[in-house]
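Visitor: What follows is a single structure, and I will ask about it in a moment.
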Amino acid sequence: MKIPKEIRTYCSRCKTHTVHSVTIYKKGKERRSSAGARHHERDKKGYGGQKFPELVRTAKTTKKVTLKLKCKQCNFIHHREGVRLRKAEIVER
């Protein structure tokens, strides 16, 4: 699906519709020293195995793309959950 590089939508900080630049949100690198990672490592240690079932086979062939919208006037960034897509492409309009 082709997504425009700029869209005009509501900005909650400006309280009006403004032009926003659109990018695709990407998750950052997870920290090994975070509290959740440490708790999970402790639960996995020793007998008893995995805390959650390990994913063997993925059922879904697509992912939901999260769009990152940045207001051109106040630079406020908010996310918009997209639809399920095989491929998302940002294009100039």
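Starting from 1 in every chain, residues are counted up; chains themselves are A, B, ... following the order of the structure tokens, and ligands are numbered from 1 as listed.
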Contacts of A:Gly82 at 9 Å or less, counting only C-alpha atoms, minus same-chain residues fewer than 3 places along, as a list of chain:residue names?

Guide: A:Lys64, A:Val65, A:Thr66, A:Leu67, A:Leu85

Visitor: Nearest to A:Lys68: which of A:Arg31, A:Arg86, A:His39, A:Arg80 is it, counting only C-alpha atoms?

Guide: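 Checking each of A:Arg31, A:Arg86, A:His39, A:Arg80 against A:Lys68, counting only C-alpha atoms, the winner is A:Arg80.
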
Visitor: Apply DSSP to the backbone of this structure and, from stretch 5-75 of chain A, keep only the residues in alpha helix (DSSP H); write these as number ranges by chain.

Guide: A: 35-44

Visitor: Store the residues picked out above, limited to C-alpha atoms, as a CSV table (one decimal), in the first residue's frame.

Guide:
chain,number,residue,atom,x,y,z
A,35,ALA,CA,14.0,-4.9,34.5
A,36,GLY,CA,11.7,-7.0,32.3
A,37,ALA,CA,14.7,-8.7,30.5
A,38,ARG,CA,16.3,-9.4,33.9
A,39,HIS,CA,13.1,-10.9,35.3
A,40,HIS,CA,12.6,-13.0,32.1
A,41,GLU,CA,16.2,-14.4,32.3
A,42,ARG,CA,15.6,-15.3,36.0
A,43,ASP,CA,12.4,-17.1,35.1
A,44,LYS,CA,14.1,-19.1,32.3

Visitor: Provide the atom CA of A:Val22 to atom CA of A:Glu6 distance in Å, to one decimal place.

Guide: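 Computing the Euclidean distance for atom CA of A:Val22 and atom CA of A:Glu6 yields 5.7 Å.
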
Visitor: For a test of reading the model, state the distance in Å between atom CA of A:Ile24 and atom CA of A:Arg8, rounded to one decimal.

Guide: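 Atom CA of A:Ile24 sits 16.5 Å away from atom CA of A:Arg8.
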
Visitor: Report, in Å to a single decimal, how far apart atom CA of A:Pro4 and atom CA of A:Glu89 are.

Guide: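 Pair atom CA of A:Glu89 / atom CA of A:Pro4 returns 8.5 Å.
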
Visitor: Could you pull out the strand (DSSP E) residues of chain A from DSSP and send them as number ranges by chain?

Guide: A: 2-4, 6-11, 16-24, 63-71, 77-85, 89-91

Visitor: I need the residue nearest A:Lys87 from this list: A:His17, A:Lys2, A:Arg57, A:Arg32. Use only C-alpha atoms for the distance.

Guide: A:Lys2

Visitor: Mind checking which residues fall within 12 Å of A:Thr16, counting only C-alpha atoms, ignoring those fewer than 6 positions away in the same chain, and posting them as a list in words?

Guide: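 Skipping anything fewer than 6 positions along the chain leaves Arg8, Thr9, Tyr10, Cys71, Gln73 and Cys74 of chain A.
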
Visitor: Residues within 7 Å of A:Ser21, please, as a list of chain:residue names. Count only C-alpha atoms; anything in the same chain fewer than 2 positions from it doesn't count.

Guide: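 In the requested form, the answer reads A:Lys5, A:Glu6, A:Ile7, A:Val19, A:Thr23, A:Leu69, A:Lys70, A:Cys71, A:Lys72.
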